[in-house]
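Working notes, beginning with the structure itself.
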Amino acid sequence: MFTDNPALLGLVTITLGVGGCLGYFYFSNVILDAVIFPAKGANAGRNINRANMVRPWLFLFPALFALTLYLAYPVFETLRLSLTDRDQGGAFVGLANYRQMMNEAKFWEAVRNNMLWLIVVPAASTAFGLLVAQLTDRIRWGNLAKSLIFMPMAISFVGASVIFKLIYDTRPEEQNQIGVLNAVWLKFDGGAGSVFFLQILPTILLAGFACVVAYVVWTLVRDFVAGGRNRALWLIPLQLLAVAGGLWLIWITIGSAAGVWLADLPYGKAQTWLTLPFYNNFFLMVVLVWIQTGFAMVILSAALRGIPEETVEAAIVDGANPFQVFFKIKVPQIIGTIVVVWTTITLTVLKIFDIVFAMTNGQWETQVLANYMYDKLFRANDWGIGSASAIVIMFLVTPILVWNVYNARKEMR
């Protein structure tokens, strides 16, 4: 009866859920006060104190039970499954699944792509969000612009993937191209316009990105040298890792800029964008950057508005130009917020699945760890390697999660 009427089923579920919670809190308190620790007799005062000590745990118990059932238990069960083999009837095999996983080329392809996503998406989303937050505060229709940029946050990852799959769509040459990217691409057939849009403009963008990364690396090196003995020891490896990553990014950017001029561009031919190795990963990343820029913009815009005007006015009086005001006055004051936004987007990137699954399903060298786990668990029915890859994802996410919690508690103090 209920299955035939979804509205009635929903009403009954809400009634039972809310009624069950109210009944639990009411009767548990009645039992606590009337049966376990009655407030009467010679020990009435002691019983009241004990009841008040137990009462918070009564309210916390449903949440603790749910967290244990849906978070703690799956972690331990996944760890157990990663040490067993389904083909051997669930026999314990130790680290054999991890060794087999690490011998697969697809696993290392997924790790490589995840690292690429980790470098590009948080950086691009945070940078664009910060840029939009700064620029929209200076125009009259800034709130409208923010609303438009934030709108993709209301779209699911699968919905956004469908939209961009249509943008990247390719049709046979004899048919009209419905994909926006191919429709634009076919307009180029050599000449000055092609040189500007396909070579000069990308080179300028890549050079700008390299300059921004170089500035960040220089800032980190300067702070490292000036830190002296006051620097926390645990920050040293993080700073060195960030500098090394920045230098690697600069090298990759320079190589990409050179490749723009050396590549033999297939003018006038429709391209299957999602099948182009290496570059197709960036086409997938665009989807997540498009979504997450709105999130970064909202958080960073609030942080920028919280900067005291006195510091900005003092810098202007001292002769600072707009770039110096932004990079040397505003950014240092909101660096904590930038880190929080960056790490939050990083957590999303580490668990990325929907976009890859909906657009390429991990084909054409676009595999990521979450999609690799899905393939092993639900396609190959190999719970051992699937669970092992899930544990790898958990270990990658945990340090960033701990860092976020640490920063949140530090700000509260």
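Ordering of the structure tokens sets the chain letters (A, B, ...); residue numbers start at 1 within each chain; ligands are numbered from 1 in the order shown.
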
Worksheet item: Near stretch 11-27 of chain A, counting only C-alpha atoms, which residues have an atom at most 10 Å away, once you skip same-chain residues fewer than 3 positions from it, shown as a PyMOL selection string?
Response: chain A and resi 2+6-8+30-33+55+58-59+62

Contact residues around A:Val243 with only C-alpha atoms at 12 Å, ignoring same-chain residues under 6 positions, as a compact mmCIF listing (two decimals) with all heavy atoms, in the first residue's frame:
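The result, stored in selection-v5.txt:
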```txt
# COMPACT_ATOMS: atom_id res chain seq x y z
N VAL A 213 52.64 31.76 -10.03
CA VAL A 213 53.28 30.66 -9.29
C VAL A 213 54.68 31.06 -8.84
O VAL A 213 55.10 30.77 -7.71
CB VAL A 213 53.32 29.38 -10.15
CG1 VAL A 213 54.09 28.28 -9.43
CG2 VAL A 213 51.91 28.91 -10.47
N ALA A 214 55.42 31.74 -9.72
CA ALA A 214 56.77 32.20 -9.36
C ALA A 214 56.72 33.17 -8.18
O ALA A 214 57.58 33.12 -7.29
CB ALA A 214 57.43 32.85 -10.57
N TYR A 215 55.72 34.05 -8.17
CA TYR A 215 55.58 34.98 -7.05
C TYR A 215 55.31 34.23 -5.74
O TYR A 215 55.88 34.55 -4.69
CB TYR A 215 54.44 35.97 -7.34
CG TYR A 215 54.14 36.90 -6.18
CD1 TYR A 215 54.93 38.02 -5.94
CD2 TYR A 215 53.07 36.65 -5.32
CE1 TYR A 215 54.67 38.87 -4.88
CE2 TYR A 215 52.80 37.49 -4.25
CZ TYR A 215 53.59 38.60 -4.03
OH TYR A 215 53.34 39.43 -2.97
N VAL A 216 54.45 33.21 -5.81
CA VAL A 216 54.15 32.42 -4.62
C VAL A 216 55.40 31.69 -4.13
O VAL A 216 55.69 31.65 -2.93
CB VAL A 216 53.01 31.42 -4.91
CG1 VAL A 216 52.81 30.47 -3.73
CG2 VAL A 216 51.71 32.16 -5.21
N VAL A 217 56.15 31.11 -5.08
CA VAL A 217 57.39 30.41 -4.71
C VAL A 217 58.38 31.37 -4.09
O VAL A 217 59.01 31.06 -3.06
CB VAL A 217 58.00 29.73 -5.96
CG1 VAL A 217 59.41 29.21 -5.66
CG2 VAL A 217 57.11 28.59 -6.42
N TRP A 218 58.52 32.55 -4.68
CA TRP A 218 59.44 33.55 -4.12
C TRP A 218 59.02 33.96 -2.72
O TRP A 218 59.87 34.13 -1.83
CB TRP A 218 59.48 34.77 -5.04
CG TRP A 218 60.33 35.89 -4.51
CD1 TRP A 218 61.69 35.97 -4.53
CD2 TRP A 218 59.86 37.07 -3.87
NE1 TRP A 218 62.10 37.13 -3.95
CE2 TRP A 218 61.00 37.84 -3.51
CE3 TRP A 218 58.61 37.57 -3.55
CZ2 TRP A 218 60.90 39.06 -2.87
CZ3 TRP A 218 58.50 38.79 -2.91
CH2 TRP A 218 59.65 39.52 -2.58
N THR A 219 57.71 34.12 -2.50
CA THR A 219 57.22 34.47 -1.17
C THR A 219 57.53 33.38 -0.16
O THR A 219 57.96 33.66 0.97
CB THR A 219 55.69 34.70 -1.22
OG1 THR A 219 55.41 35.73 -2.18
CG2 THR A 219 55.16 35.13 0.14
N LEU A 220 57.33 32.11 -0.57
CA LEU A 220 57.62 31.00 0.34
C LEU A 220 59.11 30.93 0.66
O LEU A 220 59.50 30.70 1.82
CB LEU A 220 57.16 29.68 -0.29
CG LEU A 220 55.64 29.46 -0.39
CD1 LEU A 220 55.34 28.22 -1.22
CD2 LEU A 220 55.02 29.34 0.99
N VAL A 221 59.95 31.13 -0.34
CA VAL A 221 61.41 31.09 -0.12
C VAL A 221 61.83 32.24 0.79
O VAL A 221 62.65 32.05 1.72
CB VAL A 221 62.16 31.15 -1.47
CG1 VAL A 221 63.66 31.32 -1.23
CG2 VAL A 221 61.89 29.89 -2.28
N ARG A 222 61.26 33.42 0.56
CA ARG A 222 61.60 34.58 1.40
C ARG A 222 61.19 34.35 2.85
O ARG A 222 61.96 34.62 3.78
CB ARG A 222 60.90 35.82 0.84
CG ARG A 222 61.21 37.12 1.59
CD ARG A 222 60.31 38.23 1.12
NE ARG A 222 58.91 37.90 1.37
CZ ARG A 222 57.89 38.63 0.94
NH1 ARG A 222 58.12 39.72 0.22
NH2 ARG A 222 56.65 38.29 1.20
N ASP A 223 59.98 33.82 3.04
CA ASP A 223 59.52 33.54 4.40
C ASP A 223 60.35 32.44 5.06
O ASP A 223 60.62 32.48 6.26
CB ASP A 223 58.04 33.12 4.38
CG ASP A 223 57.14 34.27 3.97
OD1 ASP A 223 57.59 35.43 4.04
OD2 ASP A 223 55.98 34.00 3.59
N PHE A 224 60.78 31.47 4.24
CA PHE A 224 61.60 30.37 4.77
C PHE A 224 62.94 30.89 5.26
O PHE A 224 63.43 30.52 6.33
CB PHE A 224 61.79 29.31 3.69
CG PHE A 224 62.61 28.13 4.14
CD1 PHE A 224 62.01 27.10 4.87
CD2 PHE A 224 63.96 28.04 3.86
CE1 PHE A 224 62.75 26.01 5.28
CE2 PHE A 224 64.70 26.96 4.28
CZ PHE A 224 64.11 25.93 5.00
N ILE A 236 58.49 23.14 7.95
CA ILE A 236 59.61 23.11 7.01
C ILE A 236 59.35 22.17 5.84
O ILE A 236 59.48 22.57 4.68
CB ILE A 236 60.92 22.76 7.76
CG1 ILE A 236 61.26 23.86 8.77
CG2 ILE A 236 62.06 22.56 6.77
CD1 ILE A 236 62.49 23.56 9.60
N PRO A 237 58.98 20.89 6.10
CA PRO A 237 58.74 20.01 4.94
C PRO A 237 57.58 20.47 4.07
O PRO A 237 57.62 20.32 2.84
CB PRO A 237 58.44 18.65 5.59
CG PRO A 237 58.11 18.93 7.01
CD PRO A 237 58.87 20.16 7.36
N LEU A 249 55.47 23.13 -11.39
CA LEU A 249 54.37 23.76 -12.13
C LEU A 249 54.91 24.77 -13.15
O LEU A 249 54.42 24.83 -14.29
CB LEU A 249 53.43 24.47 -11.16
CG LEU A 249 52.16 23.72 -10.74
CD1 LEU A 249 51.33 24.60 -9.81
CD2 LEU A 249 51.34 23.32 -11.94
N ILE A 250 55.90 25.55 -12.75
CA ILE A 250 56.50 26.52 -13.67
C ILE A 250 57.12 25.81 -14.87
O ILE A 250 56.95 26.22 -16.02
CB ILE A 250 57.54 27.38 -12.94
CG1 ILE A 250 56.85 28.25 -11.87
CG2 ILE A 250 58.30 28.26 -13.92
CD1 ILE A 250 57.82 28.99 -10.98
```

Worksheet item: In Å, how far is it from atom CA of A:Ile139 to atom CA of A:Leu300?
Response: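 Atom-to-atom, atom CA of A:Ile139 and atom CA of A:Leu300 are spaced 16.7 Å apart.
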
Worksheet item: Using only C-alpha atoms, which residue out of A:Val349, A:Met151, A:Leu262, A:Ile307 lies closest to A:Leu198?
Response: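 Closest to A:Leu198 of all the choices is A:Leu262.
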
Discussion item. Under the rule that only C-alpha atoms are counted, which of A:Leu130, A:Val397, A:Ile355, A:Val289 is the nearest residue to A:Lys330?
Written reply: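 Under the stated criterion, the closest residue is A:Leu130.
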
Worksheet entry | Interatomic distance, atom CA of A:Gly94 to atom CA of A:Ser82 (Å, one decimal) |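 A separation of 8.2 Å between them.
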
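The shell of residues at most 10 Å from A:Ala145, with only C-alpha atoms counted and near chain neighbours (fewer than 4 positions) removed, consists of A:Val132, A:Ala133, A:Leu135, A:Thr136, A:Asp137, A:Ile139, A:Arg140, A:Trp141, A:Ile149, A:Phe150.
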
Fill in: Contact residues around A:Asp85 with only C-alpha atoms at 10 Å, ignoring same-chain residues under 3 positions, as a count of residues only
15

Item to complete: Determine, counting only C-alpha atoms, which protein, DNA and RNA residues have an atom within 10 Å of an atom of A:Met115; residues of the same chain fewer than 6 positions away are not included. Present the result as a list in words.
Response: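 Listing them by chain and then by number gives Glu109, Val349, Leu350 and Val368 of chain A.
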
Keeping only all heavy atoms, write the selected residues to a file as a compact mmCIF listing (two decimals), in the first residue's frame.
```
# COMPACT_ATOMS: atom_id res chain seq x y z
N GLU A 109 47.94 5.22 -13.04
CA GLU A 109 47.30 6.25 -13.88
C GLU A 109 46.32 7.07 -13.05
O GLU A 109 46.27 8.30 -13.16
CB GLU A 109 46.56 5.58 -15.04
CG GLU A 109 45.78 6.54 -15.91
CD GLU A 109 44.88 5.82 -16.89
OE1 GLU A 109 45.37 4.87 -17.54
OE2 GLU A 109 43.69 6.19 -17.01
N VAL A 349 38.25 17.30 -4.46
CA VAL A 349 39.01 16.75 -5.58
C VAL A 349 39.46 15.32 -5.30
O VAL A 349 39.40 14.45 -6.19
CB VAL A 349 40.23 17.66 -5.87
CG1 VAL A 349 41.16 16.99 -6.87
CG2 VAL A 349 39.76 19.00 -6.41
N LEU A 350 39.90 15.04 -4.07
CA LEU A 350 40.37 13.70 -3.74
C LEU A 350 39.26 12.67 -3.89
O LEU A 350 39.53 11.49 -4.17
CB LEU A 350 40.92 13.69 -2.31
CG LEU A 350 42.32 14.25 -2.13
CD1 LEU A 350 42.66 14.38 -0.65
CD2 LEU A 350 43.35 13.35 -2.81
N VAL A 368 40.61 8.03 -12.27
CA VAL A 368 40.93 8.60 -10.96
C VAL A 368 40.65 7.53 -9.90
O VAL A 368 40.01 6.52 -10.18
CB VAL A 368 40.11 9.88 -10.68
CG1 VAL A 368 40.55 11.03 -11.56
CG2 VAL A 368 38.63 9.62 -10.83
```

Fill in: All residues 10 Å or closer to A:Ser387, only C-alpha atoms, same chain fewer than 6 positions away omitted, as a PyMOL selection string
chain A and resi 75+77-84+97-98+373-374+376-377+393

Saved selection, atoms kept: N, CA, C and O atoms, as a PDB file, in the first residue's frame:
```pdb
ATOM      1  N   VAL A  75      34.567   2.017   7.951  1.00  0.00           N
ATOM      2  CA  VAL A  75      36.022   2.141   7.844  1.00  0.00           C
ATOM      3  C   VAL A  75      36.708   0.840   8.257  1.00  0.00           C
ATOM      4  O   VAL A  75      37.574   0.315   7.533  1.00  0.00           O
ATOM      5  N   GLU A  77      35.355  -2.155   8.484  1.00  0.00           N
ATOM      6  CA  GLU A  77      34.958  -3.249   7.600  1.00  0.00           C
ATOM      7  C   GLU A  77      35.695  -3.157   6.264  1.00  0.00           C
ATOM      8  O   GLU A  77      36.110  -4.181   5.704  1.00  0.00           O
ATOM      9  N   THR A  78      35.883  -1.941   5.750  1.00  0.00           N
ATOM     10  CA  THR A  78      36.639  -1.771   4.509  1.00  0.00           C
ATOM     11  C   THR A  78      38.087  -2.189   4.695  1.00  0.00           C
ATOM     12  O   THR A  78      38.674  -2.847   3.823  1.00  0.00           O
ATOM     13  N   LEU A  79      38.674  -1.823   5.839  1.00  0.00           N
ATOM     14  CA  LEU A  79      40.044  -2.240   6.136  1.00  0.00           C
ATOM     15  C   LEU A  79      40.140  -3.762   6.207  1.00  0.00           C
ATOM     16  O   LEU A  79      41.085  -4.363   5.682  1.00  0.00           O
ATOM     17  N   ARG A  80      39.148  -4.409   6.830  1.00  0.00           N
ATOM     18  CA  ARG A  80      39.150  -5.879   6.921  1.00  0.00           C
ATOM     19  C   ARG A  80      39.032  -6.518   5.533  1.00  0.00           C
ATOM     20  O   ARG A  80      39.762  -7.447   5.200  1.00  0.00           O
ATOM     21  N   LEU A  81      38.128  -5.984   4.711  1.00  0.00           N
ATOM     22  CA  LEU A  81      37.945  -6.544   3.375  1.00  0.00           C
ATOM     23  C   LEU A  81      39.181  -6.370   2.505  1.00  0.00           C
ATOM     24  O   LEU A  81      39.457  -7.195   1.633  1.00  0.00           O
ATOM     25  N   SER A  82      39.922  -5.271   2.741  1.00  0.00           N
ATOM     26  CA  SER A  82      41.129  -5.043   1.942  1.00  0.00           C
ATOM     27  C   SER A  82      42.224  -6.057   2.247  1.00  0.00           C
ATOM     28  O   SER A  82      43.191  -6.170   1.480  1.00  0.00           O
ATOM     29  N   LEU A  83      42.068  -6.785   3.340  1.00  0.00           N
ATOM     30  CA  LEU A  83      43.059  -7.796   3.736  1.00  0.00           C
ATOM     31  C   LEU A  83      42.581  -9.212   3.458  1.00  0.00           C
ATOM     32  O   LEU A  83      43.201 -10.174   3.914  1.00  0.00           O
ATOM     33  N   THR A  84      41.471  -9.339   2.719  1.00  0.00           N
ATOM     34  CA  THR A  84      40.917 -10.663   2.420  1.00  0.00           C
ATOM     35  C   THR A  84      40.775 -10.827   0.906  1.00  0.00           C
ATOM     36  O   THR A  84      40.876  -9.871   0.145  1.00  0.00           O
ATOM     37  N   ASN A  97      46.501  -7.747  -1.618  1.00  0.00           N
ATOM     38  CA  ASN A  97      45.667  -6.880  -2.459  1.00  0.00           C
ATOM     39  C   ASN A  97      46.364  -5.561  -2.762  1.00  0.00           C
ATOM     40  O   ASN A  97      46.270  -5.036  -3.878  1.00  0.00           O
ATOM     41  N   TYR A  98      47.064  -5.022  -1.759  1.00  0.00           N
ATOM     42  CA  TYR A  98      47.776  -3.762  -1.968  1.00  0.00           C
ATOM     43  C   TYR A  98      48.918  -3.946  -2.960  1.00  0.00           C
ATOM     44  O   TYR A  98      49.161  -3.077  -3.815  1.00  0.00           O
ATOM     45  N   MET A 373      38.188   2.593  -7.805  1.00  0.00           N
ATOM     46  CA  MET A 373      37.565   1.825  -6.718  1.00  0.00           C
ATOM     47  C   MET A 373      36.202   1.283  -7.156  1.00  0.00           C
ATOM     48  O   MET A 373      35.873   0.119  -6.912  1.00  0.00           O
ATOM     49  N   TYR A 374      35.413   2.121  -7.819  1.00  0.00           N
ATOM     50  CA  TYR A 374      34.086   1.698  -8.288  1.00  0.00           C
ATOM     51  C   TYR A 374      34.205   0.550  -9.291  1.00  0.00           C
ATOM     52  O   TYR A 374      33.442  -0.426  -9.230  1.00  0.00           O
ATOM     53  N   LYS A 376      36.561  -1.685  -9.546  1.00  0.00           N
ATOM     54  CA  LYS A 376      36.971  -2.921  -8.882  1.00  0.00           C
ATOM     55  C   LYS A 376      35.848  -3.512  -8.024  1.00  0.00           C
ATOM     56  O   LYS A 376      35.645  -4.732  -8.007  1.00  0.00           O
ATOM     57  N   LEU A 377      35.120  -2.645  -7.323  1.00  0.00           N
ATOM     58  CA  LEU A 377      34.090  -3.137  -6.411  1.00  0.00           C
ATOM     59  C   LEU A 377      32.848  -3.633  -7.140  1.00  0.00           C
ATOM     60  O   LEU A 377      32.337  -4.724  -6.844  1.00  0.00           O
ATOM     61  N   ILE A 393      42.373   6.206  -0.583  1.00  0.00           N
ATOM     62  CA  ILE A 393      41.681   7.493  -0.637  1.00  0.00           C
ATOM     63  C   ILE A 393      41.496   8.062   0.763  1.00  0.00           C
ATOM     64  O   ILE A 393      41.691   9.260   0.995  1.00  0.00           O
TER      65      ILE A 393
END
```

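Distance-wise, atom CA of A:Phe295 and atom CA of A:Leu118 end up 16.9 Å apart.
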